[in-house]
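Participant: So I've got this file, protein_28.pdb, and it contains PDB, C-alpha atoms:
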MODEL        1
ATOM      1  CA  MET A1241      -7.417  -4.239 -86.743  1.00  0.00           C
ATOM      2  CA  GLY A1242      -7.266  -1.508 -84.054  1.00  0.00           C
ATOM      3  CA  ARG A1243      -5.412   1.740 -84.340  1.00  0.00           C
ATOM      4  CA  PRO A1244      -1.773   1.636 -83.200  1.00  0.00           C
ATOM      5  CA  LYS A1245      -1.119   3.045 -79.758  1.00  0.00           C
ATOM      6  CA  LEU A1246       0.510   6.458 -79.611  1.00  0.00           C
ATOM      7  CA  ARG A1247       4.082   6.353 -78.363  1.00  0.00           C
ATOM      8  CA  THR A1248       3.436   8.077 -75.064  1.00  0.00           C
ATOM      9  CA  GLU A1249       4.501   7.661 -71.442  1.00  0.00           C
ATOM     10  CA  SER A1250       1.409   5.494 -71.008  1.00  0.00           C
ATOM     11  CA  LEU A1251       2.631   3.099 -73.710  1.00  0.00           C
ATOM     12  CA  ARG A1252       6.090   3.096 -72.137  1.00  0.00           C
ATOM     13  CA  THR A1253       4.461   2.027 -68.853  1.00  0.00           C
ATOM     14  CA  ASP A1254       2.447  -0.682 -70.659  1.00  0.00           C
ATOM     15  CA  LEU A1255       5.563  -2.042 -72.359  1.00  0.00           C
ATOM     16  CA  CYS A1256       7.489  -2.111 -69.088  1.00  0.00           C
ATOM     17  CA  ALA A1257       4.571  -3.919 -67.389  1.00  0.00           C
ATOM     18  CA  SER A1258       4.487  -6.428 -70.252  1.00  0.00           C
ATOM     19  CA  ALA A1259       8.222  -7.069 -69.840  1.00  0.00           C
ATOM     20  CA  LEU A1260       7.791  -7.597 -66.081  1.00  0.00           C
ATOM     21  CA  ARG A1261       4.944 -10.082 -66.651  1.00  0.00           C
ATOM     22  CA  LEU A1262       7.051 -12.035 -69.141  1.00  0.00           C
ATOM     23  CA  LEU A1263      10.030 -11.977 -66.790  1.00  0.00           C
ATOM     24  CA  ASP A1264       7.945 -13.241 -63.856  1.00  0.00           C
ATOM     25  CA  GLY A1265       6.373 -15.968 -65.978  1.00  0.00           C
ATOM     26  CA  GLY A1266       9.329 -17.252 -67.944  1.00  0.00           C
ATOM     27  CA  GLY A1267      12.555 -15.646 -66.793  1.00  0.00           C
ATOM     28  CA  PRO A1268      14.978 -13.597 -68.890  1.00  0.00           C
ATOM     29  CA  ALA A1269      14.639 -15.860 -71.953  1.00  0.00           C
ATOM     30  CA  ALA A1270      10.936 -14.936 -72.223  1.00  0.00           C
ATOM     31  CA  VAL A1271      11.693 -11.210 -72.499  1.00  0.00           C
ATOM     32  CA  THR A1272      12.069 -10.561 -76.216  1.00  0.00           C
ATOM     33  CA  THR A1273      11.161  -7.265 -77.860  1.00  0.00           C
ATOM     34  CA  ARG A1274       8.581  -9.071 -79.982  1.00  0.00           C
ATOM     35  CA  ALA A1275       6.880 -10.696 -76.964  1.00  0.00           C
ATOM     36  CA  VAL A1276       6.996  -7.468 -74.933  1.00  0.00           C
ATOM     37  CA  ALA A1277       5.446  -5.496 -77.804  1.00  0.00           C
ATOM     38  CA  ALA A1278       2.741  -8.130 -78.335  1.00  0.00           C
ATOM     39  CA  GLY A1279       1.948  -8.155 -74.613  1.00  0.00           C
ATOM     40  CA  ALA A1280       1.272  -4.409 -74.742  1.00  0.00           C
ATOM     41  CA  SER A1281      -0.610  -4.574 -78.084  1.00  0.00           C
ATOM     42  CA  SER A1282       2.175  -2.547 -79.653  1.00  0.00           C
ATOM     43  CA  SER A1283       5.131  -2.997 -81.997  1.00  0.00           C
ATOM     44  CA  ILE A1284       8.861  -3.643 -81.913  1.00  0.00           C
ATOM     45  CA  ALA A1285       9.301  -0.183 -83.432  1.00  0.00           C
ATOM     46  CA  ALA A1286       7.632   1.322 -80.352  1.00  0.00           C
ATOM     47  CA  VAL A1287      10.033  -0.576 -78.067  1.00  0.00           C
ATOM     48  CA  ASP A1288      12.940   0.752 -80.125  1.00  0.00           C
ATOM     49  CA  GLU A1289      11.627   4.308 -80.106  1.00  0.00           C
ATOM     50  CA  LEU A1290      10.668   4.479 -76.429  1.00  0.00           C
ATOM     51  CA  PHE A1291      13.542   2.459 -74.939  1.00  0.00           C
ATOM     52  CA  GLY A1292      16.257   2.407 -77.589  1.00  0.00           C
ATOM     53  CA  GLY A1293      15.784  -1.342 -78.044  1.00  0.00           C
ATOM     54  CA  LYS A1294      16.215  -4.211 -75.617  1.00  0.00           C
ATOM     55  CA  PRO A1295      19.096  -2.722 -73.571  1.00  0.00           C
ATOM     56  CA  GLY A1296      16.950   0.296 -72.701  1.00  0.00           C
ATOM     57  CA  LEU A1297      13.983  -1.931 -71.909  1.00  0.00           C
ATOM     58  CA  VAL A1298      16.081  -4.022 -69.497  1.00  0.00           C
ATOM     59  CA  ARG A1299      17.417  -0.771 -67.990  1.00  0.00           C
ATOM     60  CA  ALA A1300      13.809   0.258 -67.278  1.00  0.00           C
ATOM     61  CA  ILE A1301      13.044  -3.142 -65.689  1.00  0.00           C
ATOM     62  CA  HIS A1302      16.186  -2.820 -63.547  1.00  0.00           C
ATOM     63  CA  ALA A1303      15.127   0.636 -62.310  1.00  0.00           C
ATOM     64  CA  GLU A1304      11.550  -0.533 -61.677  1.00  0.00           C
ATOM     65  CA  GLY A1305      12.825  -3.392 -59.531  1.00  0.00           C
ATOM     66  CA  PHE A1306      14.663  -0.975 -57.269  1.00  0.00           C
ATOM     67  CA  ARG A1307      11.627   1.309 -57.128  1.00  0.00           C
ATOM     68  CA  MET A1308       9.444  -1.631 -56.061  1.00  0.00           C
ATOM     69  CA  LEU A1309      11.951  -2.785 -53.433  1.00  0.00           C
ATOM     70  CA  ALA A1310      12.262   0.757 -52.031  1.00  0.00           C
ATOM     71  CA  ALA A1311       8.456   0.913 -51.778  1.00  0.00           C
ATOM     72  CA  ALA A1312       8.440  -2.395 -49.857  1.00  0.00           C
ATOM     73  CA  PHE A1313      10.975  -0.967 -47.401  1.00  0.00           C
ATOM     74  CA  ALA A1314       9.020   2.270 -47.047  1.00  0.00           C
ATOM     75  CA  ALA A1315       5.932   0.242 -46.071  1.00  0.00           C
ATOM     76  CA  LEU A1316       7.702  -1.374 -43.108  1.00  0.00           C
ATOM     77  CA  PRO A1317       6.469  -0.243 -39.701  1.00  0.00           C
ATOM     78  CA  PRO A1318       8.901   1.663 -37.470  1.00  0.00           C
ATOM     79  CA  PRO A1319      11.075  -0.935 -35.698  1.00  0.00           C
ATOM     80  CA  LYS A1320      10.645  -1.615 -31.975  1.00  0.00           C
ATOM     81  CA  ASP A1321      14.419  -1.697 -31.557  1.00  0.00           C
ATOM     82  CA  PRO A1322      17.498  -1.467 -33.845  1.00  0.00           C
ATOM     83  CA  ALA A1323      18.013  -5.230 -34.125  1.00  0.00           C
ATOM     84  CA  GLN A1324      14.374  -5.707 -35.137  1.00  0.00           C
ATOM     85  CA  GLY A1325      14.864  -2.998 -37.761  1.00  0.00           C
ATOM     86  CA  VAL A1326      17.621  -5.031 -39.411  1.00  0.00           C
ATOM     87  CA  LEU A1327      15.557  -8.234 -39.226  1.00  0.00           C
ATOM     88  CA  ASP A1328      12.546  -6.457 -40.770  1.00  0.00           C
ATOM     89  CA  TRP A1329      14.694  -5.182 -43.654  1.00  0.00           C
ATOM     90  CA  ALA A1330      16.243  -8.619 -44.249  1.00  0.00           C
ATOM     91  CA  TYR A1331      12.869 -10.406 -44.246  1.00  0.00           C
ATOM     92  CA  ALA A1332      11.343  -7.765 -46.531  1.00  0.00           C
ATOM     93  CA  THR A1333      14.209  -8.383 -48.952  1.00  0.00           C
ATOM     94  CA  ARG A1334      13.646 -12.127 -48.703  1.00  0.00           C
ATOM     95  CA  SER A1335       9.910 -11.745 -49.420  1.00  0.00           C
ATOM     96  CA  PHE A1336      10.580  -9.498 -52.415  1.00  0.00           C
ATOM     97  CA  ALA A1337      13.227 -11.852 -53.831  1.00  0.00           C
ATOM     98  CA  LEU A1338      10.974 -14.902 -53.496  1.00  0.00           C
ATOM     99  CA  ALA A1339       7.976 -13.110 -55.018  1.00  0.00           C
ATOM    100  CA  HIS A1340      10.016 -11.597 -57.890  1.00  0.00           C
ATOM    101  CA  ARG A1341      12.837 -14.100 -58.353  1.00  0.00           C
ATOM    102  CA  HIS A1342      13.725 -13.157 -61.916  1.00  0.00           C
ATOM    103  CA  LEU A1343      13.409  -9.416 -61.310  1.00  0.00           C
ATOM    104  CA  TYR A1344      15.711  -9.729 -58.290  1.00  0.00           C
ATOM    105  CA  GLU A1345      18.158 -11.517 -60.587  1.00  0.00           C
ATOM    106  CA  VAL A1346      18.019  -8.610 -63.067  1.00  0.00           C
ATOM    107  CA  MET A1347      18.700  -6.185 -60.232  1.00  0.00           C
ATOM    108  CA  PHE A1348      21.699  -8.045 -58.811  1.00  0.00           C
ATOM    109  CA  SER A1349      23.009 -10.754 -61.175  1.00  0.00           C
ATOM    110  CA  ARG A1350      22.984  -9.405 -64.771  1.00  0.00           C
ATOM    111  CA  PRO A1351      21.235 -12.221 -66.667  1.00  0.00           C
ATOM    112  CA  PHE A1352      20.813 -10.095 -69.821  1.00  0.00           C
ATOM    113  CA  ALA A1353      23.909  -9.883 -72.029  1.00  0.00           C
ATOM    114  CA  GLU A1354      22.427  -6.771 -73.658  1.00  0.00           C
ATOM    115  CA  PHE A1355      22.519  -4.788 -70.407  1.00  0.00           C
ATOM    116  CA  ASP A1356      25.652  -3.646 -68.625  1.00  0.00           C
ATOM    117  CA  PRO A1357      24.687  -1.157 -65.897  1.00  0.00           C
ATOM    118  CA  ASP A1358      26.481   2.160 -65.908  1.00  0.00           C
ATOM    119  CA  GLU A1359      26.931   4.628 -63.044  1.00  0.00           C
ATOM    120  CA  GLU A1360      23.479   6.105 -63.546  1.00  0.00           C
ATOM    121  CA  ASP A1361      21.862   2.662 -63.407  1.00  0.00           C
ATOM    122  CA  LEU A1362      23.729   1.821 -60.220  1.00  0.00           C
ATOM    123  CA  ARG A1363      22.315   4.974 -58.619  1.00  0.00           C
ATOM    124  CA  ALA A1364      18.953   3.174 -58.620  1.00  0.00           C
ATOM    125  CA  ALA A1365      20.346   1.048 -55.790  1.00  0.00           C
ATOM    126  CA  GLU A1366      21.443   4.050 -53.701  1.00  0.00           C
ATOM    127  CA  GLU A1367      18.095   4.503 -51.951  1.00  0.00           C
ATOM    128  CA  ILE A1368      18.163   0.833 -50.953  1.00  0.00           C
ATOM    129  CA  TYR A1369      21.719   1.134 -49.657  1.00  0.00           C
ATOM    130  CA  ARG A1370      20.932   4.294 -47.648  1.00  0.00           C
ATOM    131  CA  PHE A1371      17.958   2.520 -46.043  1.00  0.00           C
ATOM    132  CA  VAL A1372      20.067  -0.503 -45.084  1.00  0.00           C
ATOM    133  CA  LEU A1373      22.910   1.699 -43.828  1.00  0.00           C
ATOM    134  CA  GLY A1374      20.496   3.607 -41.584  1.00  0.00           C
ATOM    135  CA  ARG A1375      19.145   0.383 -40.065  1.00  0.00           C
ATOM    136  CA  VAL A1376      22.619  -1.067 -39.549  1.00  0.00           C
ATOM    137  CA  VAL A1377      24.123   2.116 -38.056  1.00  0.00           C
ATOM    138  CA  ALA A1378      21.309   2.081 -35.480  1.00  0.00           C
ATOM    139  CA  VAL A1379      22.610  -1.334 -34.328  1.00  0.00           C
ATOM    140  CA  VAL A1380      26.300  -0.424 -34.492  1.00  0.00           C
ATOM    141  CA  GLY A1381      25.666   2.630 -32.311  1.00  0.00           C
ATOM    142  CA  PRO A1382      28.218   5.386 -31.874  1.00  0.00           C
ATOM    143  CA  VAL A1383      30.914   4.719 -34.458  1.00  0.00           C
ATOM    144  CA  ARG A1384      33.894   3.015 -32.878  1.00  0.00           C
ATOM    145  CA  ARG A1385      36.020   3.522 -35.959  1.00  0.00           C
ATOM    146  CA  ARG A1386      35.564   5.322 -39.215  1.00  0.00           C
ATOM    147  CA  GLY A1387      33.508   3.295 -41.685  1.00  0.00           C
ATOM    148  CA  ALA A1388      32.321   0.688 -39.137  1.00  0.00           C
ATOM    149  CA  GLY A1389      28.660   1.203 -40.057  1.00  0.00           C
ATOM    150  CA  ARG A1390      29.391   1.022 -43.782  1.00  0.00           C
ATOM    151  CA  ASP A1391      31.455  -2.154 -43.386  1.00  0.00           C
ATOM    152  CA  ALA A1392      28.706  -3.795 -41.322  1.00  0.00           C
ATOM    153  CA  ALA A1393      26.042  -2.783 -43.853  1.00  0.00           C
ATOM    154  CA  ILE A1394      28.012  -4.254 -46.754  1.00  0.00           C
ATOM    155  CA  GLY A1395      28.551  -7.468 -44.786  1.00  0.00           C
ATOM    156  CA  LEU A1396      24.844  -7.780 -43.994  1.00  0.00           C
ATOM    157  CA  LEU A1397      23.878  -7.031 -47.601  1.00  0.00           C
ATOM    158  CA  ALA A1398      26.222  -9.824 -48.722  1.00  0.00           C
ATOM    159  CA  LEU A1399      24.769 -12.194 -46.111  1.00  0.00           C
ATOM    160  CA  VAL A1400      21.192 -11.506 -47.217  1.00  0.00           C
ATOM    161  CA  ARG A1401      22.111 -11.868 -50.900  1.00  0.00           C
ATOM    162  CA  GLY A1402      23.766 -15.208 -50.126  1.00  0.00           C
ATOM    163  CA  LEU A1403      20.781 -16.483 -48.151  1.00  0.00           C
ATOM    164  CA  VAL A1404      18.426 -15.419 -50.968  1.00  0.00           C
ATOM    165  CA  ALA A1405      20.612 -17.207 -53.528  1.00  0.00           C
ATOM    166  CA  MET A1406      20.733 -20.399 -51.468  1.00  0.00           C
ATOM    167  CA  GLU A1407      16.990 -20.386 -50.835  1.00  0.00           C
ATOM    168  CA  SER A1408      16.242 -19.718 -54.519  1.00  0.00           C
ATOM    169  CA  ALA A1409      18.523 -22.604 -55.494  1.00  0.00           C
ATOM    170  CA  GLY A1410      16.713 -24.930 -53.072  1.00  0.00           C
ATOM    171  CA  VAL A1411      19.773 -25.643 -50.911  1.00  0.00           C
ATOM    172  CA  LEU A1412      18.984 -23.651 -47.755  1.00  0.00           C
ATOM    173  CA  GLY A1413      16.671 -26.297 -46.299  1.00  0.00           C
ATOM    174  CA  SER A1414      14.066 -28.870 -47.279  1.00  0.00           C
ATOM    175  CA  THR A1415      11.184 -27.398 -45.266  1.00  0.00           C
ATOM    176  CA  PRO A1416       9.874 -23.875 -44.619  1.00  0.00           C
ATOM    177  CA  ALA A1417      10.744 -24.320 -40.918  1.00  0.00           C
ATOM    178  CA  SER A1418      14.369 -25.251 -41.665  1.00  0.00           C
ATOM    179  CA  ARG A1419      14.775 -22.334 -44.057  1.00  0.00           C
ATOM    180  CA  ASP A1420      13.265 -19.912 -41.542  1.00  0.00           C
ATOM    181  CA  ARG A1421      15.513 -21.277 -38.797  1.00  0.00           C
ATOM    182  CA  ARG A1422      18.645 -20.789 -40.911  1.00  0.00           C
ATOM    183  CA  TRP A1423      17.664 -17.258 -41.888  1.00  0.00           C
ATOM    184  CA  ARG A1424      17.086 -16.353 -38.244  1.00  0.00           C
ATOM    185  CA  ALA A1425      20.292 -18.045 -37.016  1.00  0.00           C
ATOM    186  CA  ALA A1426      22.477 -16.326 -39.617  1.00  0.00           C
ATOM    187  CA  LEU A1427      20.913 -12.905 -39.126  1.00  0.00           C
ATOM    188  CA  THR A1428      20.930 -13.108 -35.323  1.00  0.00           C
ATOM    189  CA  ALA A1429      24.617 -14.072 -35.311  1.00  0.00           C
ATOM    190  CA  ALA A1430      25.463 -11.229 -37.698  1.00  0.00           C
ATOM    191  CA  ILE A1431      23.527  -8.662 -35.658  1.00  0.00           C
ATOM    192  CA  ARG A1432      25.265  -9.799 -32.451  1.00  0.00           C
ATOM    193  CA  GLY A1433      28.584  -9.483 -34.250  1.00  0.00           C
ATOM    194  CA  ILE A1434      28.060  -5.824 -35.203  1.00  0.00           C
ATOM    195  CA  ALA A1435      26.403  -4.678 -31.977  1.00  0.00           C
ATOM    196  CA  PRO A1436      28.666  -2.786 -29.557  1.00  0.00           C
TER     197      PRO A1436
ENDMDL
END
Reformat the file's structure so that it appears as structure tokens.
Facilitator:
Amino acid sequence: MGRPKLRTESLRTDLCASALRLLDGGGPAAVTTRAVAAGASSSIAAVDELFGGKPGLVRAIHAEGFRMLAAAFAALPPPKDPAQGVLDWAYATRSFALAHRHLYEVMFSRPFAEFDPDEEDLRAAEEIYRFVLGRVVAVVGPVRRRGAGRDAAIGLLALVRGLVAMESAGVLGSTPASRDRRWRAALTAAIRGIAP
């Protein structure tokens, strides 16, 4: 039997990676402290010590999801025009949500009873929101009324979340072409609606 791993930042990273693998493979039900510890060749005691138990582990997964999504946005090329910038953001969100369905659910739907995000946890989403707001304000143009950009950004975020939910549930269309068409139609209409 090998020596136990030291409870270091490296082990914390390994445990978080183990939790993400389990989440991707089997959804929230697969993420138990025992399975996470086994996946990192560690112990439940290490999970408790490094994360404060399962709530802290889910908190770390939640934060990692937002870090990964922010990195996906940062990798987008500069948009050719403001409308394209919004489309690029929306499609990057779609790609992330389809590739990491259960992680996206942790970020936005609260499937773990053990985790109730507090203000600090919700700050993880701020970078995402600022990115979206910047892209949307570029379409809205000079503010016609106070808060117009913010209102449009919240509306577009809700639209994208709804489209992701429908596609994940299998009710957005029966073929890739029909799903793509509905994404484009909804986004194009929304962008026209917020443009001056």
Participant: Give me the residues within 7 Å of Val1379 in chain A as a list in words, counting all atoms listed in the file and dropping any in the same chain fewer than 4 places off.
Facilitator: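 What passes the distance filter is Pro1322, Ala1323, Arg1375 and Ala1435 of chain A.
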Participant: Using only C-alpha atoms, what does the table of range 1262-1354 of chain A residues within 9 Å of range 1251-1254 of chain A look like, with each row giving the shortest atom pair and its distance in Å to one decimal, sorted by chain and ascending number, as a tab-separated table?
Facilitator:
residue	atom	partner	partner_atom	distance
A:Gly1279	CA	A:Asp1254	CA	8.5
A:Ala1280	CA	A:Asp1254	CA	5.7
A:Ser1281	CA	A:Asp1254	CA	8.9
A:Ser1282	CA	A:Leu1251	CA	8.2
A:Ala1286	CA	A:Leu1251	CA	8.5
A:Val1287	CA	A:Arg1252	CA	8.0
A:Leu1290	CA	A:Arg1252	CA	6.4
A:Phe1291	CA	A:Arg1252	CA	8.0
Participant: Take the PyMOL selection byres ((chain A and resi 1357-1364) around 12), run it mentally on this structure, and tell me the resulting residues as an MDAnalysis selection string.
Facilitator: chainID A and resid 1295:1296 1298:1310 1346:1356 1365:1370
Participant: Pull C-alpha atoms from the residues just selected and write them as a short mmCIF file (atom, residue, chain, number, x, y, z; two decimals), in the coordinates of the input.
Facilitator:
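The resulting result_3.cif:
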data_model
loop_
_atom_site.label_atom_id
_atom_site.label_comp_id
_atom_site.auth_asym_id
_atom_site.auth_seq_id
_atom_site.Cartn_x
_atom_site.Cartn_y
_atom_site.Cartn_z
CA PRO A 1295 19.10 -2.72 -73.57
CA GLY A 1296 16.95 0.30 -72.70
CA VAL A 1298 16.08 -4.02 -69.50
CA ARG A 1299 17.42 -0.77 -67.99
CA ALA A 1300 13.81 0.26 -67.28
CA ILE A 1301 13.04 -3.14 -65.69
CA HIS A 1302 16.19 -2.82 -63.55
CA ALA A 1303 15.13 0.64 -62.31
CA GLU A 1304 11.55 -0.53 -61.68
CA GLY A 1305 12.82 -3.39 -59.53
CA PHE A 1306 14.66 -0.98 -57.27
CA ARG A 1307 11.63 1.31 -57.13
CA MET A 1308 9.44 -1.63 -56.06
CA LEU A 1309 11.95 -2.78 -53.43
CA ALA A 1310 12.26 0.76 -52.03
CA VAL A 1346 18.02 -8.61 -63.07
CA MET A 1347 18.70 -6.18 -60.23
CA PHE A 1348 21.70 -8.04 -58.81
CA SER A 1349 23.01 -10.75 -61.18
CA ARG A 1350 22.98 -9.40 -64.77
CA PRO A 1351 21.24 -12.22 -66.67
CA PHE A 1352 20.81 -10.10 -69.82
CA ALA A 1353 23.91 -9.88 -72.03
CA GLU A 1354 22.43 -6.77 -73.66
CA PHE A 1355 22.52 -4.79 -70.41
CA ASP A 1356 25.65 -3.65 -68.62
CA ALA A 1365 20.35 1.05 -55.79
CA GLU A 1366 21.44 4.05 -53.70
CA GLU A 1367 18.10 4.50 -51.95
CA ILE A 1368 18.16 0.83 -50.95
CA TYR A 1369 21.72 1.13 -49.66
CA ARG A 1370 20.93 4.29 -47.65
#
Participant: Go through the shown structure with the PyMOL selection byres ((chain A and resi 1269-1272) around 10) and write out the matching residues as a ChimeraX atom specification.
Facilitator: /A:1258-1268,1273-1278,1284,1294,1297-1298,1351-1352
Participant: Quick one: write out the picked residues with C-alpha atoms as a tab-separated table (two decimals), in the frame of the given file?
Facilitator:
chain	number	residue	atom	x	y	z
A	1258	SER	CA	4.49	-6.43	-70.25
A	1259	ALA	CA	8.22	-7.07	-69.84
A	1260	LEU	CA	7.79	-7.60	-66.08
A	1261	ARG	CA	4.94	-10.08	-66.65
A	1262	LEU	CA	7.05	-12.04	-69.14
A	1263	LEU	CA	10.03	-11.98	-66.79
A	1264	ASP	CA	7.94	-13.24	-63.86
A	1265	GLY	CA	6.37	-15.97	-65.98
A	1266	GLY	CA	9.33	-17.25	-67.94
A	1267	GLY	CA	12.56	-15.65	-66.79
A	1268	PRO	CA	14.98	-13.60	-68.89
A	1273	THR	CA	11.16	-7.26	-77.86
A	1274	ARG	CA	8.58	-9.07	-79.98
A	1275	ALA	CA	6.88	-10.70	-76.96
A	1276	VAL	CA	7.00	-7.47	-74.93
A	1277	ALA	CA	5.45	-5.50	-77.80
A	1278	ALA	CA	2.74	-8.13	-78.33
A	1284	ILE	CA	8.86	-3.64	-81.91
A	1294	LYS	CA	16.22	-4.21	-75.62
A	1297	LEU	CA	13.98	-1.93	-71.91
A	1298	VAL	CA	16.08	-4.02	-69.50
A	1351	PRO	CA	21.24	-12.22	-66.67
A	1352	PHE	CA	20.81	-10.10	-69.82
Participant: Measure the distance from CA of Ile1394 in chain A to CA of Ser1414 in chain A in Å and round it to one decimal.
Facilitator: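 So the answer is 28.3 Å.
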Participant: Work out how far apart CA of Leu1396 in chain A and CA of Leu1427 in chain A are and give it in Å to one decimal.
Facilitator: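 Those two atoms sit 8.1 Å apart.
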Participant: Find the residues around Leu1399 in chain A up to 12 Å (only C-alpha atoms counted), leave out those fewer than 3 positions away in its own chain, and share them as a ChimeraX atom specification.
Facilitator: /A:1330,1333-1334,1392-1396,1402-1406,1422-1431
Participant: What does the distance from CA of Ile1434 in chain A to CA of Thr1415 in chain A come to in Å, to one decimal?
Facilitator: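 CA of Ile1434 in chain A sits 29.2 Å away from CA of Thr1415 in chain A.
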Participant: Nearest residue to Ala1339 in chain A out of A:Ser1408, A:Leu1373, A:Gly1389, A:Ala1314, using all atoms listed in the file?
Facilitator: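 Distance minimum relative to Ala1339 in chain A lands on A:Ser1408.
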Participant: If you take every atom of range 1286-1300 of chain A that the file lists and fit an axis-aligned box around them with 6 Å extra on each side, what centre and edge lengths come out in Å to one decimal, as JSON?
Facilitator:
{"center_x": 13.4, "center_y": 0.1, "center_z": -73.8, "size_x": 23.5, "size_y": 20.7, "size_z": 25.1}
Participant: From (19.8, -7.0, -44.3), in the file's coordinates, out to 7 Å: which residues are reached, counting only C-alpha atoms? Answer as a list of chain:residue names.
Facilitator: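 Result, sorted by chain then residue number: A:Val1326, A:Leu1327, A:Trp1329, A:Ala1330, A:Val1372, A:Leu1396, A:Leu1397, A:Val1400.
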Participant: Of the candidates A:Phe1371, A:Ser1335, A:Leu1255, A:Pro1382, which one gets nearest to Ala1285 in chain A if we count all atoms listed in the file?
Facilitator: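 Smallest distance to Ala1285 in chain A is found for A:Leu1255.
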